[in-house]
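Asker: Following this line is data_14.cif, made up of mmCIF, N, CA and C atoms:
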```cif
data_target
#
loop_
_atom_site.label_atom_id
_atom_site.label_comp_id
_atom_site.auth_asym_id
_atom_site.auth_seq_id
_atom_site.Cartn_x
_atom_site.Cartn_y
_atom_site.Cartn_z
N MET O 18 0.84 -1.17 0.00
CA MET O 18 0.00 0.00 0.00
C MET O 18 0.89 1.24 0.00
N ASN O 19 0.60 2.18 -0.89
CA ASN O 19 1.37 3.41 -1.00
C ASN O 19 0.67 4.51 -0.20
N THR O 20 1.32 4.98 0.85
CA THR O 20 0.72 6.02 1.70
C THR O 20 1.35 7.38 1.49
N HIS O 21 2.22 7.52 0.51
CA HIS O 21 2.89 8.79 0.26
C HIS O 21 2.04 9.68 -0.64
N LEU O 22 2.02 10.96 -0.31
CA LEU O 22 1.29 11.93 -1.12
C LEU O 22 2.12 12.31 -2.34
N PRO O 23 1.47 12.62 -3.45
CA PRO O 23 2.22 13.13 -4.59
C PRO O 23 2.88 14.46 -4.22
N PHE O 24 3.91 14.83 -4.95
CA PHE O 24 4.69 16.04 -4.67
C PHE O 24 3.81 17.27 -4.59
N GLU O 25 2.89 17.45 -5.54
CA GLU O 25 2.02 18.63 -5.55
C GLU O 25 1.13 18.68 -4.31
N SER O 26 0.63 17.54 -3.89
CA SER O 26 -0.24 17.49 -2.71
C SER O 26 0.52 17.87 -1.45
N ARG O 27 1.79 17.49 -1.35
CA ARG O 27 2.59 17.88 -0.19
C ARG O 27 2.77 19.38 -0.13
N TRP O 28 3.03 20.00 -1.30
CA TRP O 28 3.19 21.45 -1.32
C TRP O 28 1.88 22.15 -0.99
N LEU O 29 0.78 21.61 -1.47
CA LEU O 29 -0.52 22.18 -1.16
C LEU O 29 -0.81 22.08 0.33
N ALA O 30 -0.51 20.94 0.94
CA ALA O 30 -0.72 20.77 2.37
C ALA O 30 0.16 21.72 3.17
N LEU O 31 1.41 21.91 2.73
CA LEU O 31 2.31 22.83 3.41
C LEU O 31 1.79 24.26 3.29
N ALA O 32 1.35 24.65 2.11
CA ALA O 32 0.81 26.01 1.91
C ALA O 32 -0.43 26.23 2.76
N ALA O 33 -1.31 25.24 2.83
CA ALA O 33 -2.51 25.37 3.65
C ALA O 33 -2.15 25.48 5.13
N SER O 34 -1.18 24.72 5.58
CA SER O 34 -0.75 24.79 6.98
C SER O 34 -0.15 26.14 7.31
N LEU O 35 0.69 26.67 6.45
CA LEU O 35 1.29 27.98 6.68
C LEU O 35 0.23 29.08 6.68
N THR O 36 -0.74 28.97 5.80
CA THR O 36 -1.83 29.94 5.76
C THR O 36 -2.63 29.90 7.04
N LEU O 37 -2.90 28.70 7.54
CA LEU O 37 -3.64 28.55 8.79
C LEU O 37 -2.88 29.18 9.95
N VAL O 38 -1.60 28.92 10.05
CA VAL O 38 -0.79 29.48 11.14
C VAL O 38 -0.76 31.01 11.04
N ALA O 39 -0.58 31.54 9.84
CA ALA O 39 -0.54 32.99 9.66
C ALA O 39 -1.88 33.63 10.00
N SER O 40 -2.97 32.98 9.61
CA SER O 40 -4.28 33.57 9.89
C SER O 40 -4.62 33.52 11.37
N LEU O 41 -4.18 32.49 12.07
CA LEU O 41 -4.41 32.44 13.51
C LEU O 41 -3.60 33.51 14.23
N GLY O 42 -2.41 33.78 13.76
CA GLY O 42 -1.60 34.84 14.34
C GLY O 42 -2.20 36.21 14.12
N ALA O 43 -2.94 36.38 13.04
CA ALA O 43 -3.58 37.66 12.74
C ALA O 43 -4.73 37.96 13.69
N CYS O 44 -5.23 36.96 14.39
CA CYS O 44 -6.35 37.16 15.31
C CYS O 44 -5.92 37.72 16.66
N ALA O 45 -4.62 37.90 16.88
CA ALA O 45 -4.12 38.30 18.20
C ALA O 45 -4.67 39.65 18.64
N GLY O 46 -4.80 40.62 17.75
CA GLY O 46 -5.26 41.94 18.15
C GLY O 46 -6.75 42.15 17.99
N MET O 47 -7.48 41.10 17.67
CA MET O 47 -8.92 41.23 17.42
C MET O 47 -9.70 41.05 18.71
N SER O 48 -10.89 41.65 18.76
CA SER O 48 -11.78 41.42 19.89
C SER O 48 -12.32 39.99 19.80
N ARG O 49 -12.88 39.53 20.88
CA ARG O 49 -13.42 38.16 20.90
C ARG O 49 -14.54 38.01 19.86
N GLN O 50 -15.35 39.04 19.71
CA GLN O 50 -16.45 38.97 18.75
C GLN O 50 -15.89 38.91 17.32
N ASP O 51 -14.84 39.68 17.05
CA ASP O 51 -14.22 39.64 15.73
C ASP O 51 -13.61 38.27 15.45
N GLN O 52 -12.98 37.68 16.47
CA GLN O 52 -12.42 36.34 16.32
C GLN O 52 -13.51 35.33 16.03
N ASN O 53 -14.63 35.41 16.75
CA ASN O 53 -15.74 34.49 16.52
C ASN O 53 -16.29 34.66 15.10
N THR O 54 -16.35 35.89 14.62
CA THR O 54 -16.84 36.15 13.26
C THR O 54 -15.91 35.51 12.23
N ALA O 55 -14.61 35.69 12.41
CA ALA O 55 -13.63 35.13 11.46
C ALA O 55 -13.66 33.60 11.48
N ILE O 56 -13.72 33.03 12.67
CA ILE O 56 -13.78 31.57 12.78
C ILE O 56 -15.06 31.04 12.16
N GLY O 57 -16.19 31.70 12.45
CA GLY O 57 -17.46 31.28 11.87
C GLY O 57 -17.46 31.34 10.35
N ALA O 58 -16.85 32.40 9.81
CA ALA O 58 -16.77 32.54 8.35
C ALA O 58 -15.91 31.44 7.75
N GLY O 59 -14.81 31.12 8.40
CA GLY O 59 -13.93 30.05 7.90
C GLY O 59 -14.61 28.69 7.93
N VAL O 60 -15.24 28.40 9.04
CA VAL O 60 -15.94 27.11 9.17
C VAL O 60 -17.11 27.05 8.20
N GLY O 61 -17.83 28.16 8.08
CA GLY O 61 -18.95 28.20 7.14
C GLY O 61 -18.51 28.02 5.70
N ALA O 62 -17.37 28.62 5.34
CA ALA O 62 -16.86 28.47 3.97
C ALA O 62 -16.51 27.02 3.68
N VAL O 63 -15.86 26.37 4.63
CA VAL O 63 -15.51 24.95 4.44
C VAL O 63 -16.78 24.11 4.33
N GLY O 64 -17.72 24.36 5.23
CA GLY O 64 -18.99 23.61 5.19
C GLY O 64 -19.74 23.84 3.90
N GLY O 65 -19.81 25.09 3.45
CA GLY O 65 -20.49 25.39 2.20
C GLY O 65 -19.83 24.73 1.01
N ALA O 66 -18.50 24.71 1.01
CA ALA O 66 -17.77 24.07 -0.09
C ALA O 66 -18.01 22.57 -0.10
N VAL O 67 -18.01 21.96 1.08
CA VAL O 67 -18.22 20.51 1.16
C VAL O 67 -19.63 20.15 0.73
N LEU O 68 -20.61 20.90 1.21
CA LEU O 68 -22.00 20.58 0.91
C LEU O 68 -22.38 20.82 -0.55
N THR O 69 -21.67 21.73 -1.24
CA THR O 69 -22.01 22.04 -2.63
C THR O 69 -20.95 21.55 -3.61
N ASP O 70 -20.11 20.64 -3.19
CA ASP O 70 -19.05 20.07 -4.03
C ASP O 70 -18.12 21.14 -4.61
N GLY O 71 -17.77 22.13 -3.79
CA GLY O 71 -16.81 23.14 -4.19
C GLY O 71 -17.37 24.31 -4.97
N SER O 72 -18.66 24.46 -4.99
CA SER O 72 -19.28 25.58 -5.70
C SER O 72 -18.85 26.90 -5.05
N ALA O 73 -18.50 27.87 -5.88
CA ALA O 73 -18.09 29.19 -5.35
C ALA O 73 -19.25 29.84 -4.60
N LEU O 74 -20.44 29.74 -5.13
CA LEU O 74 -21.61 30.34 -4.49
C LEU O 74 -21.87 29.67 -3.14
N GLY O 75 -21.76 28.35 -3.09
CA GLY O 75 -21.95 27.63 -1.83
C GLY O 75 -20.89 27.99 -0.80
N THR O 76 -19.65 28.17 -1.25
CA THR O 76 -18.56 28.54 -0.35
C THR O 76 -18.79 29.95 0.21
N LEU O 77 -19.13 30.90 -0.67
CA LEU O 77 -19.39 32.26 -0.22
C LEU O 77 -20.62 32.35 0.68
N GLY O 78 -21.65 31.61 0.33
CA GLY O 78 -22.85 31.59 1.16
C GLY O 78 -22.58 31.01 2.53
N GLY O 79 -21.81 29.92 2.56
CA GLY O 79 -21.44 29.32 3.85
C GLY O 79 -20.61 30.26 4.69
N ALA O 80 -19.70 30.99 4.05
CA ALA O 80 -18.87 31.96 4.78
C ALA O 80 -19.72 33.08 5.35
N ALA O 81 -20.66 33.56 4.58
CA ALA O 81 -21.53 34.65 5.05
C ALA O 81 -22.39 34.20 6.23
N ILE O 82 -23.00 33.05 6.09
CA ILE O 82 -23.86 32.54 7.17
C ILE O 82 -23.03 32.22 8.41
N GLY O 83 -21.88 31.59 8.22
CA GLY O 83 -21.00 31.28 9.35
C GLY O 83 -20.49 32.52 10.04
N GLY O 84 -20.19 33.57 9.27
CA GLY O 84 -19.73 34.82 9.86
C GLY O 84 -20.80 35.48 10.72
N VAL O 85 -22.03 35.46 10.24
CA VAL O 85 -23.14 36.04 11.01
C VAL O 85 -23.35 35.25 12.30
N ILE O 86 -23.35 33.94 12.20
CA ILE O 86 -23.53 33.11 13.40
C ILE O 86 -22.38 33.33 14.37
N GLY O 87 -21.16 33.33 13.87
CA GLY O 87 -20.00 33.55 14.74
C GLY O 87 -20.04 34.91 15.41
N ASN O 88 -20.54 35.91 14.71
CA ASN O 88 -20.63 37.26 15.26
C ASN O 88 -21.62 37.32 16.42
N GLN O 89 -22.63 36.49 16.40
CA GLN O 89 -23.67 36.54 17.42
C GLN O 89 -23.37 35.68 18.64
N ILE O 90 -22.33 34.88 18.57
CA ILE O 90 -21.98 34.02 19.70
C ILE O 90 -21.29 34.85 20.77
N GLU O 91 -21.71 34.69 22.00
CA GLU O 91 -21.03 35.36 23.10
C GLU O 91 -20.81 34.34 24.22
N THR O 92 -19.74 34.53 24.96
CA THR O 92 -19.41 33.61 26.04
C THR O 92 -20.26 33.94 27.26
N ASP O 93 -20.28 33.04 28.22
CA ASP O 93 -21.00 33.28 29.46
C ASP O 93 -20.45 34.51 30.18
N GLU O 94 -19.13 34.68 30.12
CA GLU O 94 -18.52 35.84 30.77
C GLU O 94 -18.99 37.14 30.12
N GLU O 95 -19.05 37.18 28.79
CA GLU O 95 -19.51 38.37 28.09
C GLU O 95 -20.97 38.65 28.42
N ARG O 96 -21.79 37.61 28.47
CA ARG O 96 -23.21 37.76 28.81
C ARG O 96 -23.36 38.28 30.23
N TYR O 97 -22.54 37.78 31.14
CA TYR O 97 -22.58 38.22 32.52
C TYR O 97 -22.23 39.70 32.62
N ARG O 98 -21.16 40.11 31.94
CA ARG O 98 -20.75 41.53 31.98
C ARG O 98 -21.81 42.43 31.37
N ARG O 99 -22.44 41.98 30.29
CA ARG O 99 -23.46 42.79 29.63
C ARG O 99 -24.68 42.95 30.52
N ASN O 100 -25.09 41.89 31.21
CA ASN O 100 -26.27 41.94 32.06
C ASN O 100 -26.01 42.61 33.41
N ARG O 101 -24.76 42.73 33.81
CA ARG O 101 -24.41 43.32 35.10
C ARG O 101 -24.50 44.84 35.07
N ARG O 102 -24.48 45.44 33.92
CA ARG O 102 -24.50 46.91 33.81
C ARG O 102 -25.80 47.49 34.25
#
```
For this file, write the structure as structure tokens.
Answerer:
Amino acid sequence: MNTHLPFESRWLALAASLTLVASLGACAGMSRQDQNTAIGAGVGAVGGAVLTDGSALGTLGGAAIGGVIGNQIETDEERYRRNRR
């Protein structure tokens, strides 16, 4: 059984990994709500692409929906601070 990836696939996996690390580092100065929005958009884009077999419209739609959902998520601590005022 051959378990080795072709050369192009290894480079693609490396590029995807580096992009992931760079994008996570970019979240350092963001508010928690902004981070949730970005994460939701990323997860939504992947979900939309998977569900529509890579359709651009499905990917963009998933990103938009995921971003909105991520934006509306708040932690218990944030809810507590908001209600304490």
Asker: I would like the residues chosen by the PyMOL selection byres ((chain O and resi 77-88) around 7) on the shown file; could you give them as a list in words?
Answerer: Gln50, Asp51, Gln52, Asn53, Thr54, Ala55, Ile56, Gly57, Ala58, Gly59, Val60, Gly61, Ala62, Val63, Gly64, Gly65, Ala66, Ser72, Ala73, Leu74, Gly75, Thr76, Gln89, Ile90 and Glu91 of chain O
Asker: Figure out the distance between atom CA of O:Glu95 and atom N of O:Val38, please, to one decimal in Å.
Answerer: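 One can read the atom N of O:Val38 to atom CA of O:Glu95 distance as 27.1 Å.
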Asker: If I wrap all listed atoms of stretch 30-33 of chain O in a box with edges along x, y and z and add 5 Å on each side, what are its centre and edge lengths in Å to one decimal, as AutoDock Vina command-line options?
Answerer:
```
--center_x -0.1 --center_y 23.5 --center_z 3.0 --size_x 14.8 --size_y 15.5 --size_z 14.2
```
Asker: Using DSSP on the backbone coordinates, identify the residues of chain O assigned to alpha helix (DSSP H); present them as a VMD selection string.
Answerer: chain O and resid 24 to 43 49 to 68 73 to 89 93 to 101
Asker: In Å to one decimal, how far is atom CA of O:Ala32 from atom CA of O:Ser48?
Answerer: 26.8 Å
Asker: For atom C of O:Asp70 and atom CA of O:Arg27, determine how far apart the two atoms are, in Å to one decimal place.
Answerer: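 Distance between the two atoms: 21.4 Å.
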